[in-house]
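Listing of run-v1.csv; format and content: CSV, C-alpha atoms (C1' of nucleotides).
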```
chain,number,residue,atom,x,y,z
W,1,MET,CA,49.0,24.1,-100.6
W,2,SER,CA,46.1,22.6,-102.5
W,3,LEU,CA,43.5,22.2,-99.9
W,4,ARG,CA,43.4,25.9,-99.7
W,5,HIS,CA,42.5,26.1,-103.4
W,6,ALA,CA,40.1,23.3,-103.1
W,7,VAL,CA,38.2,25.3,-100.5
W,8,LEU,CA,38.4,28.5,-102.6
W,9,GLY,CA,37.1,26.6,-105.6
W,10,LEU,CA,34.2,25.1,-103.8
W,11,LEU,CA,33.2,28.4,-102.3
W,12,SER,CA,33.5,30.1,-105.7
W,13,GLU,CA,31.0,27.5,-107.1
W,14,GLU,CA,28.7,27.5,-104.2
W,15,GLY,CA,28.4,31.2,-103.4
W,16,SER,CA,28.5,30.5,-99.7
W,17,ALA,CA,28.7,27.6,-97.4
W,18,SER,CA,29.6,26.5,-93.8
W,19,GLY,CA,32.5,24.2,-92.9
W,20,TYR,CA,30.0,21.5,-92.5
W,21,ASP,CA,28.5,22.1,-95.9
W,22,LEU,CA,31.9,22.1,-97.5
W,23,MET,CA,32.8,18.9,-95.8
W,24,LYS,CA,29.9,17.1,-97.2
W,25,LEU,CA,30.5,18.5,-100.6
W,26,PHE,CA,34.1,17.4,-100.3
W,27,ASP,CA,33.2,13.8,-99.6
W,28,VAL,CA,31.2,13.4,-102.7
W,29,SER,CA,33.5,15.2,-105.1
W,30,LEU,CA,37.0,16.3,-104.4
W,31,ALA,CA,37.8,13.7,-101.8
W,32,ASN,CA,38.7,11.3,-104.7
W,33,VAL,CA,41.5,13.5,-105.9
W,34,TRP,CA,42.3,15.4,-102.7
W,35,PRO,CA,41.3,13.8,-99.5
W,36,ALA,CA,41.0,16.0,-96.4
W,37,THR,CA,39.8,15.5,-92.9
W,38,GLN,CA,37.3,17.5,-91.0
W,39,SER,CA,39.8,19.1,-88.7
W,40,GLN,CA,42.0,20.0,-91.6
W,41,LEU,CA,39.1,21.7,-93.4
W,42,TYR,CA,38.1,23.8,-90.3
W,43,SER,CA,41.6,24.9,-89.7
W,44,GLU,CA,42.1,25.8,-93.3
W,45,LEU,CA,38.9,27.9,-93.2
W,46,GLY,CA,40.4,29.8,-90.3
W,47,LYS,CA,43.6,30.5,-92.1
W,48,LEU,CA,41.8,31.6,-95.3
W,49,ALA,CA,39.6,34.0,-93.3
W,50,GLU,CA,42.7,35.3,-91.6
W,51,ALA,CA,44.4,35.9,-94.9
W,52,GLY,CA,41.4,37.7,-96.3
W,53,LEU,CA,40.6,35.2,-99.0
W,54,ILE,CA,37.2,34.4,-97.6
W,55,ASP,CA,34.8,36.2,-95.2
W,56,VAL,CA,32.4,35.1,-92.6
W,57,SER,CA,29.2,36.4,-94.4
W,58,ALA,CA,26.7,35.1,-91.9
W,59,GLU,CA,26.3,33.3,-88.6
W,60,GLY,CA,23.5,30.9,-87.9
W,61,PRO,CA,22.3,28.5,-85.2
W,62,ARG,CA,24.8,26.2,-83.4
W,63,GLY,CA,27.6,28.6,-84.1
W,64,ARG,CA,27.3,28.0,-87.8
W,65,LYS,CA,29.5,30.3,-89.8
W,66,GLU,CA,28.8,30.8,-93.4
W,67,TYR,CA,31.8,31.7,-95.5
W,68,THR,CA,31.9,33.6,-98.8
W,69,ILE,CA,34.9,34.0,-101.1
W,70,THR,CA,36.3,37.5,-101.4
W,71,GLU,CA,37.7,39.2,-104.5
W,72,LYS,CA,41.1,38.5,-103.3
W,73,GLY,CA,40.2,34.9,-102.9
W,74,ARG,CA,38.8,34.8,-106.4
W,75,ALA,CA,42.0,36.3,-107.8
W,76,GLU,CA,44.1,33.7,-105.9
W,77,LEU,CA,42.0,30.9,-107.3
W,78,ARG,CA,42.4,32.2,-110.8
W,79,ARG,CA,46.1,32.6,-110.4
W,80,TRP,CA,46.4,29.0,-109.1
W,81,LEU,CA,44.3,27.7,-112.0
W,82,THR,CA,46.1,29.5,-114.8
W,83,GLU,CA,49.6,30.2,-113.5
W,84,VAL,CA,50.7,27.6,-111.0
W,85,GLU,CA,51.7,24.4,-112.7
W,86,PRO,CA,50.5,21.2,-111.2
W,87,THR,CA,53.2,19.3,-109.3
W,88,ARG,CA,53.2,15.8,-110.6
W,89,VAL,CA,54.1,14.1,-107.4
W,90,VAL,CA,52.9,10.5,-107.4
W,91,ARG,CA,53.1,8.4,-104.3
W,92,SER,CA,52.1,4.9,-104.6
W,93,ASP,CA,52.9,2.3,-102.0
W,94,MET,CA,51.3,-0.3,-104.4
W,95,LEU,CA,54.1,0.4,-106.9
W,96,LEU,CA,56.7,0.7,-104.2
W,97,ARG,CA,56.0,-2.9,-103.3
W,98,VAL,CA,56.5,-4.0,-106.9
W,99,PHE,CA,60.2,-3.0,-106.7
W,100,PHE,CA,60.6,-5.5,-103.9
W,101,LEU,CA,58.6,-8.4,-105.2
W,102,GLY,CA,61.9,-10.2,-105.8
W,103,ARG,CA,62.0,-10.8,-102.0
W,104,LEU,CA,59.0,-13.0,-102.3
W,105,SER,CA,58.5,-16.3,-104.1
W,106,PRO,CA,57.2,-16.0,-107.7
W,107,GLU,CA,53.9,-17.4,-106.5
W,108,GLU,CA,53.6,-14.8,-103.8
W,109,ALA,CA,54.6,-12.1,-106.3
W,110,LYS,CA,52.0,-13.3,-108.7
W,111,ALA,CA,49.4,-13.4,-106.0
W,112,TYR,CA,50.2,-9.8,-105.2
W,113,LEU,CA,49.7,-8.6,-108.7
W,114,SER,CA,46.6,-10.7,-109.1
W,115,THR,CA,45.1,-9.0,-106.1
W,116,GLN,CA,45.9,-5.6,-107.5
W,117,ALA,CA,44.2,-6.6,-110.8
W,118,GLN,CA,41.1,-7.6,-108.9
W,119,LEU,CA,41.0,-4.4,-106.9
W,120,ALA,CA,41.3,-2.4,-110.0
W,121,ARG,CA,38.4,-4.4,-111.5
W,122,LYS,CA,36.3,-3.7,-108.4
W,123,GLN,CA,37.2,0.0,-108.6
W,124,LEU,CA,36.1,0.0,-112.3
W,125,GLU,CA,32.8,-1.5,-111.4
W,126,HIS,CA,32.3,1.0,-108.6
W,127,LEU,CA,33.0,3.9,-110.9
W,128,GLU,CA,30.6,2.6,-113.5
W,129,SER,CA,28.0,2.3,-110.9
W,130,ILE,CA,28.3,5.9,-109.8
W,131,ARG,CA,28.5,7.1,-113.4
W,132,GLY,CA,24.8,7.1,-113.7
W,133,VAL,CA,24.4,9.1,-110.5
W,134,VAL,CA,26.8,11.8,-111.5
W,135,GLU,CA,25.3,12.0,-115.0
W,136,GLY,CA,22.4,13.8,-113.6
W,137,GLY,CA,24.2,16.9,-112.2
W,138,SER,CA,24.1,20.1,-114.0
W,139,GLY,CA,26.4,22.6,-112.3
W,140,ASN,CA,30.0,23.3,-113.2
W,141,LEU,CA,31.2,20.9,-110.5
W,142,SER,CA,29.2,18.1,-112.1
W,143,THR,CA,30.2,18.9,-115.6
W,144,TYR,CA,33.9,19.0,-114.9
W,145,GLY,CA,33.5,16.3,-112.3
W,146,ARG,CA,32.5,14.0,-115.1
W,147,LEU,CA,35.8,14.6,-116.8
W,148,VAL,CA,37.5,13.6,-113.6
W,149,LEU,CA,35.4,10.5,-113.3
W,150,GLU,CA,36.4,9.5,-116.8
W,151,TYR,CA,40.0,9.9,-115.8
W,152,GLY,CA,39.5,7.6,-112.9
W,153,HIS,CA,37.8,5.1,-115.1
W,154,ARG,CA,40.6,5.1,-117.6
W,155,LEU,CA,43.2,4.9,-114.8
W,156,ALA,CA,41.5,1.9,-113.2
W,157,ARG,CA,41.3,0.1,-116.5
W,158,SER,CA,45.0,0.8,-117.2
W,159,GLN,CA,45.8,-0.5,-113.8
W,160,GLN,CA,43.9,-3.6,-114.2
W,161,GLU,CA,45.5,-4.4,-117.6
W,162,TRP,CA,48.9,-3.6,-116.3
W,163,ALA,CA,48.5,-5.9,-113.3
W,164,GLU,CA,47.4,-8.7,-115.5
W,165,TRP,CA,50.2,-8.2,-117.9
W,166,ALA,CA,52.8,-7.9,-115.1
W,167,GLU,CA,51.6,-11.2,-113.6
W,168,LYS,CA,52.4,-12.9,-116.8
W,169,GLN,CA,55.9,-11.5,-116.8
W,170,ILE,CA,56.7,-13.4,-113.7
W,171,GLY,CA,58.0,-17.0,-113.7
P,1,MET,CA,54.9,4.6,-93.0
P,2,SER,CA,56.2,3.6,-96.4
P,3,LEU,CA,59.6,5.3,-96.5
P,4,ARG,CA,60.5,2.9,-93.7
P,5,HIS,CA,59.8,0.0,-95.9
P,6,ALA,CA,61.4,1.5,-98.9
P,7,VAL,CA,64.6,1.7,-97.0
P,8,LEU,CA,64.3,-1.8,-95.7
P,9,GLY,CA,63.6,-3.0,-99.2
P,10,LEU,CA,66.7,-1.3,-100.6
P,11,LEU,CA,68.9,-2.6,-97.8
P,12,SER,CA,67.6,-6.1,-98.3
P,13,GLU,CA,68.5,-6.0,-102.0
P,14,GLU,CA,71.8,-4.3,-101.5
P,15,GLY,CA,73.2,-6.2,-98.6
P,16,SER,CA,74.6,-3.0,-97.0
P,17,ALA,CA,74.8,0.6,-97.8
P,18,SER,CA,75.3,4.1,-96.2
P,19,GLY,CA,72.7,6.8,-96.1
P,20,TYR,CA,74.5,8.4,-98.9
P,21,ASP,CA,74.4,5.3,-101.1
P,22,LEU,CA,70.7,4.8,-100.4
P,23,MET,CA,70.0,8.4,-101.4
P,24,LYS,CA,71.6,7.9,-104.8
P,25,LEU,CA,69.8,4.6,-105.3
P,26,PHE,CA,66.6,6.3,-104.4
P,27,ASP,CA,67.0,9.0,-106.9
P,28,VAL,CA,67.3,6.6,-109.8
P,29,SER,CA,64.6,4.1,-108.7
P,30,LEU,CA,62.1,4.6,-106.0
P,31,ALA,CA,62.0,8.3,-106.2
P,32,ASN,CA,59.5,8.0,-109.0
P,33,VAL,CA,56.9,6.3,-106.8
P,34,TRP,CA,57.9,7.5,-103.4
P,35,PRO,CA,59.9,10.7,-103.3
P,36,ALA,CA,62.0,11.4,-100.2
P,37,THR,CA,64.4,14.0,-99.2
P,38,GLN,CA,67.9,13.5,-97.8
P,39,SER,CA,67.0,14.7,-94.3
P,40,GLN,CA,64.0,12.4,-94.3
P,41,LEU,CA,66.1,9.5,-95.3
P,42,TYR,CA,68.8,10.1,-92.6
P,43,SER,CA,66.3,10.5,-89.9
P,44,GLU,CA,64.5,7.3,-91.0
P,45,LEU,CA,67.7,5.4,-90.8
P,46,GLY,CA,68.1,6.6,-87.2
P,47,LYS,CA,64.7,5.4,-86.3
P,48,LEU,CA,65.1,2.1,-88.0
P,49,ALA,CA,68.4,1.5,-86.2
P,50,GLU,CA,66.7,2.5,-82.9
P,51,ALA,CA,63.9,0.0,-83.6
P,52,GLY,CA,66.4,-2.8,-84.3
P,53,LEU,CA,65.3,-3.3,-87.9
P,54,ILE,CA,68.7,-2.3,-89.2
P,55,ASP,CA,72.2,-2.3,-87.7
P,56,VAL,CA,75.3,-0.2,-88.2
P,57,SER,CA,77.5,-2.9,-89.6
P,58,ALA,CA,80.6,-0.8,-90.4
P,59,GLU,CA,81.9,2.7,-90.1
P,60,GLY,CA,84.1,4.3,-92.7
P,61,PRO,CA,85.8,7.6,-93.5
P,62,ARG,CA,83.9,10.9,-93.1
P,63,GLY,CA,81.7,9.4,-90.5
P,64,ARG,CA,80.3,7.0,-93.0
P,65,LYS,CA,77.9,4.5,-91.5
P,66,GLU,CA,77.1,1.3,-93.3
P,67,TYR,CA,73.8,-0.2,-92.5
P,68,THR,CA,72.6,-3.8,-92.8
P,69,ILE,CA,69.1,-5.1,-92.4
P,70,THR,CA,68.5,-7.4,-89.4
P,71,GLU,CA,66.3,-10.5,-89.3
P,72,LYS,CA,63.7,-8.4,-87.6
P,73,GLY,CA,63.9,-6.0,-90.4
P,74,ARG,CA,63.5,-8.7,-93.0
P,75,ALA,CA,60.5,-10.0,-91.2
P,76,GLU,CA,58.9,-6.6,-91.2
P,77,LEU,CA,59.6,-6.1,-94.9
P,78,ARG,CA,58.0,-9.4,-95.7
P,79,ARG,CA,55.0,-8.7,-93.5
P,80,TRP,CA,54.5,-5.4,-95.2
P,81,LEU,CA,54.8,-7.0,-98.7
P,82,THR,CA,52.4,-9.8,-98.0
P,83,GLU,CA,50.0,-8.6,-95.3
P,84,VAL,CA,49.6,-4.9,-95.4
P,85,GLU,CA,47.3,-3.8,-98.2
P,86,PRO,CA,48.3,-0.8,-100.2
P,87,THR,CA,46.4,2.3,-99.4
P,88,ARG,CA,45.1,3.8,-102.6
P,89,VAL,CA,45.3,7.4,-101.7
P,90,VAL,CA,45.6,9.5,-104.8
P,91,ARG,CA,46.4,13.1,-104.6
P,92,SER,CA,46.5,15.0,-107.8
P,93,ASP,CA,46.3,18.8,-107.9
P,94,MET,CA,46.2,18.4,-111.7
P,95,LEU,CA,42.8,16.7,-111.4
P,96,LEU,CA,41.7,19.0,-108.6
P,97,ARG,CA,42.0,21.9,-111.0
P,98,VAL,CA,39.8,20.2,-113.5
P,99,PHE,CA,36.9,20.4,-111.1
P,100,PHE,CA,37.2,24.2,-111.2
P,101,LEU,CA,37.8,24.7,-114.9
P,102,GLY,CA,34.3,26.2,-115.0
P,103,ARG,CA,35.7,29.3,-113.4
P,104,LEU,CA,37.8,29.9,-116.5
P,105,SER,CA,36.7,30.7,-120.1
P,106,PRO,CA,36.3,27.7,-122.4
P,107,GLU,CA,39.5,28.8,-124.2
P,108,GLU,CA,41.5,28.9,-120.9
P,109,ALA,CA,40.1,25.5,-119.9
P,110,LYS,CA,41.1,24.0,-123.2
P,111,ALA,CA,44.5,25.5,-122.9
P,112,TYR,CA,44.9,23.9,-119.5
P,113,LEU,CA,44.0,20.4,-120.8
P,114,SER,CA,46.1,20.9,-123.9
P,115,THR,CA,49.1,21.7,-121.7
P,116,GLN,CA,48.5,18.6,-119.7
P,117,ALA,CA,48.3,16.5,-122.8
P,118,GLN,CA,51.6,17.9,-123.9
P,119,LEU,CA,53.3,17.2,-120.6
P,120,ALA,CA,52.1,13.7,-120.7
P,121,ARG,CA,53.6,13.3,-124.2
P,122,LYS,CA,56.9,14.7,-122.9
P,123,GLN,CA,56.8,12.2,-120.0
P,124,LEU,CA,56.1,9.4,-122.4
P,125,GLU,CA,59.1,10.3,-124.5
P,126,HIS,CA,61.2,10.6,-121.4
P,127,LEU,CA,60.2,7.2,-120.2
P,128,GLU,CA,60.9,5.7,-123.6
P,129,SER,CA,64.3,7.2,-123.5
P,130,ILE,CA,65.2,5.6,-120.2
P,131,ARG,CA,63.7,2.3,-121.1
P,132,GLY,CA,66.9,1.4,-123.0
P,133,VAL,CA,69.0,2.3,-120.0
P,134,VAL,CA,67.0,0.2,-117.5
P,135,GLU,CA,66.8,-2.7,-119.9
P,136,GLY,CA,70.4,-3.4,-119.1
P,137,GLY,CA,70.1,-4.0,-115.4
P,138,SER,CA,70.0,-7.5,-114.0
P,139,GLY,CA,69.2,-7.4,-110.3
P,140,ASN,CA,65.9,-7.8,-108.7
P,141,LEU,CA,65.5,-4.0,-108.6
P,142,SER,CA,66.0,-3.7,-112.3
P,143,THR,CA,63.7,-6.7,-113.1
P,144,TYR,CA,60.8,-5.4,-111.1
P,145,GLY,CA,61.7,-1.8,-111.8
P,146,ARG,CA,60.9,-2.6,-115.4
P,147,LEU,CA,57.4,-3.5,-114.4
P,148,VAL,CA,57.1,-0.2,-112.7
P,149,LEU,CA,58.5,1.6,-115.7
P,150,GLU,CA,55.8,-0.1,-117.9
P,151,TYR,CA,53.2,1.1,-115.5
P,152,GLY,CA,54.5,4.6,-115.8
P,153,HIS,CA,54.4,4.3,-119.5
P,154,ARG,CA,50.8,3.1,-119.6
P,155,LEU,CA,49.8,5.8,-117.1
P,156,ALA,CA,51.4,8.6,-119.2
P,157,ARG,CA,49.7,7.3,-122.3
P,158,SER,CA,46.3,7.2,-120.6
P,159,GLN,CA,46.8,10.6,-119.3
P,160,GLN,CA,47.7,12.0,-122.7
P,161,GLU,CA,44.7,10.3,-124.3
P,162,TRP,CA,42.4,11.5,-121.6
P,163,ALA,CA,43.6,15.1,-121.8
P,164,GLU,CA,43.0,15.1,-125.5
P,165,TRP,CA,39.6,13.6,-125.1
P,166,ALA,CA,38.7,16.0,-122.3
P,167,GLU,CA,39.7,19.0,-124.4
P,168,LYS,CA,37.2,18.0,-127.1
P,169,GLN,CA,34.5,17.8,-124.5
P,170,ILE,CA,34.6,21.5,-123.9
P,171,GLY,CA,32.3,23.5,-126.0
I,1,DA,C1',12.5,12.5,-74.5
I,2,DT,C1',15.6,11.0,-77.5
I,3,DA,C1',17.9,9.9,-81.7
I,4,DG,C1',19.8,12.0,-85.5
I,5,DT,C1',22.1,15.5,-87.6
I,6,DC,C1',24.2,19.9,-87.5
I,7,DA,C1',28.2,22.3,-86.1
I,8,DT,C1',32.8,23.7,-84.6
I,9,DG,C1',36.8,23.2,-82.6
I,10,DT,C1',41.6,21.4,-79.9
I,11,DA,C1',45.5,18.4,-79.0
I,12,DA,C1',48.9,15.1,-80.1
I,13,DT,C1',51.5,13.0,-83.4
I,14,DG,C1',53.6,11.8,-87.6
I,15,DA,C1',55.2,12.7,-92.3
I,16,DG,C1',57.2,15.8,-95.6
I,17,DT,C1',59.8,20.1,-97.2
I,18,DT,C1',63.3,23.6,-97.2
I,19,DA,C1',67.2,25.6,-95.6
I,20,DC,C1',71.2,25.6,-93.2
I,21,DA,C1',75.6,23.8,-91.3
I,22,DT,C1',79.7,21.4,-91.3
I,23,DG,C1',83.5,19.0,-92.5
I,24,DA,C1',86.5,15.0,-94.6
I,25,DT,C1',88.5,12.8,-98.5
I,26,DT,C1',89.8,12.1,-103.3
I,27,DG,C1',91.6,13.0,-107.8
I,28,DC,C1',93.9,16.0,-110.5
L,1,DG,C1',96.0,23.7,-103.7
L,2,DC,C1',91.4,23.2,-105.2
L,3,DA,C1',87.2,21.5,-107.0
L,4,DA,C1',84.2,17.8,-106.7
L,5,DT,C1',82.1,14.5,-104.2
L,6,DC,C1',81.3,12.1,-100.0
L,7,DA,C1',78.9,12.2,-95.8
L,8,DT,C1',75.9,13.3,-91.9
L,9,DG,C1',73.1,15.8,-89.4
L,10,DT,C1',69.7,19.9,-87.2
L,11,DA,C1',66.0,23.3,-87.1
L,12,DA,C1',61.9,25.4,-88.4
L,13,DC,C1',57.8,24.9,-90.6
L,14,DT,C1',53.8,23.1,-93.0
L,15,DC,C1',50.7,19.5,-94.0
L,16,DA,C1',48.0,15.4,-92.7
L,17,DT,C1',45.9,11.9,-89.5
L,18,DT,C1',43.5,10.4,-85.5
L,19,DA,C1',41.2,11.0,-81.5
L,20,DC,C1',38.8,13.6,-78.4
L,21,DA,C1',35.4,17.1,-76.8
L,22,DT,C1',31.3,19.6,-76.7
L,23,DG,C1',27.0,21.2,-77.5
L,24,DA,C1',22.7,23.1,-80.1
L,25,DC,C1',18.8,22.1,-82.9
L,26,DT,C1',15.1,19.3,-85.2
L,27,DA,C1',11.7,15.9,-86.1
L,28,DT,C1',9.1,12.3,-84.3
```

As structure tokens, please, write out the structure in this file.
Amino acid sequence: MSLRHAVLGLLSEEGSASGYDLMKLFDVSLANVWPATQSQLYSELGKLAEAGLIDVSAEGPRGRKEYTITEKGRAELRRWLTEVEPTRVVRSDMLLRVFFLGRLSPEEAKAYLSTQAQLARKQLEHLESIRGVVEGGSGNLSTYGRLVLEYGHRLARSQQEWAEWAEKQIG
Amino acid sequence: MSLRHAVLGLLSEEGSASGYDLMKLFDVSLANVWPATQSQLYSELGKLAEAGLIDVSAEGPRGRKEYTITEKGRAELRRWLTEVEPTRVVRSDMLLRVFFLGRLSPEEAKAYLSTQAQLARKQLEHLESIRGVVEGGSGNLSTYGRLVLEYGHRLARSQQEWAEWAEKQIG
DNA sequence: ATAGTCATGTAATGAGTTACATGATTGC
DNA sequence: GCAATCATGTAACTCATTACATGACTAT
């Protein structure tokens, strides 16, 4: 149910936008915490319009439809932000594998954890590299996006440290 | 595609088990990193048997079917552990909301983060409380489960610290 | 003209959730 | 006898992924 709110949120920040615009915005912001595909996005826009949470406010060339959030949509966004508590569902096939490392030799198990540590380091570097870029933004999305970026940073560091620690626990 | 491997993994550790057995095992171990419902589990067992990755090795009272992993299944588990790289797809509606905190008043935004910090603290306490229980286990699942538990612990602590930090960032 | 980008959609399939349905066996 | 637990399954629905399909406009 969250893609729906992601779209409402973006529209509430942007004023109005087409599916195409939203898709690009998605890719550089929300995709990191809530991936979605193009086809999912378009069908969600259809459903939101049907439900009266957004309106087609203008049509442009190439069948472009510009959507705007309605009052009803704004209310729903607010309700979601303040009243619906986040579901903490974590799915990690990286951790799932850890449960079964006993099926491998200690060397193989260590190699697995070592790879994970390395990937976390890479991720850390990557996040540091985009930190500078995001620093420049000034809207709400950038301001709060920085908080999310910091979260990612801390997460990657934890992950790296954990993987290094875990490797030492074996054998 | 991971539930399939979760089941194979459990069966490879347990020797043999019924859907019902696996379900209970799931709830106390893997459910934290890969939740699954009863109906999902049963239908996955059907598909695995069909694909020849597991066999019905015995039938008991109440229609109980005991499954055992086959050589083919073991090979597939090993392949997944050593060759398939974990997909790092993170979905967090908790973080998704952060992007849109600008739609709320600073007080409301702070309240949101403060609640998240508190939830992380609770989670941390919870994990500490079960640490003693898990300490006792001796099989592979327990041994490696402890590594996963430690991960959860570190994650919860990071989350708590981040939420407290983020709260301070808001004017 | 033609490459690049803008722009929207459909179809098929798989994964996940919720609710329902049914009944046998065991322990007290 | 009855409650608890064991035990398996189906149906309907939503969400997510991948691939396909189509075409208009813009800048050079």

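The backbone trace of chain P, superposed onto chain W over all C-alpha atoms paired in order, deviates from it by an RMSD of 0.1 Å.
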
Residue neighbourhood DT18 (chain L), 12 Å, all atoms listed in the file, exclusion window fewer than 6 positions, as a PDB file with C-alpha atoms (C1' of nucleotides), in the coordinates of the input:
```pdb
ATOM      1  CA  THR W  37      39.800  15.500 -92.900  1.00  0.00           C
ATOM      2  CA  GLN W  38      37.300  17.500 -91.000  1.00  0.00           C
ATOM      3  CA  SER W  39      39.800  19.100 -88.700  1.00  0.00           C
ATOM      4  CA  GLN W  40      42.000  20.000 -91.600  1.00  0.00           C
TER       5      GLN W  40
ATOM      6  C1'  DA I  11      45.500  18.400 -79.000  1.00  0.00           C
ATOM      7  C1'  DA I  12      48.900  15.100 -80.100  1.00  0.00           C
ATOM      8  C1'  DT I  13      51.500  13.000 -83.400  1.00  0.00           C
ATOM      9  C1'  DG I  14      53.600  11.800 -87.600  1.00  0.00           C
TER      10       DG I  14
END
```

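Residues in contact with DG4 (chain I) at up to 12 Å, not including ones fewer than 4 positions away on its chain and judged by only C-alpha atoms (C1' of nucleotides), are DC25, DT26, DA27 and DT28 of chain L.
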
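Minimum atom-to-atom distance to chain P, evaluated using only C-alpha atoms (C1' of nucleotides), belongs to L:DT10 out of L:DC15, L:DC20, L:DT10, L:DG1.
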
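Here CA of Leu147 (chain W) is placed at a distance of 16.8 Å from CA of Gln123 (chain W).
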
Name all residues at most 12 Å from Ala49 (chain P) (count only C-alpha atoms (C1' of nucleotides); drop same-chain ones fewer than 3 positions away) and give them as a PyMOL selection string.
chain P and resi 4+7-8+42-46+52-57+65-70+72-73
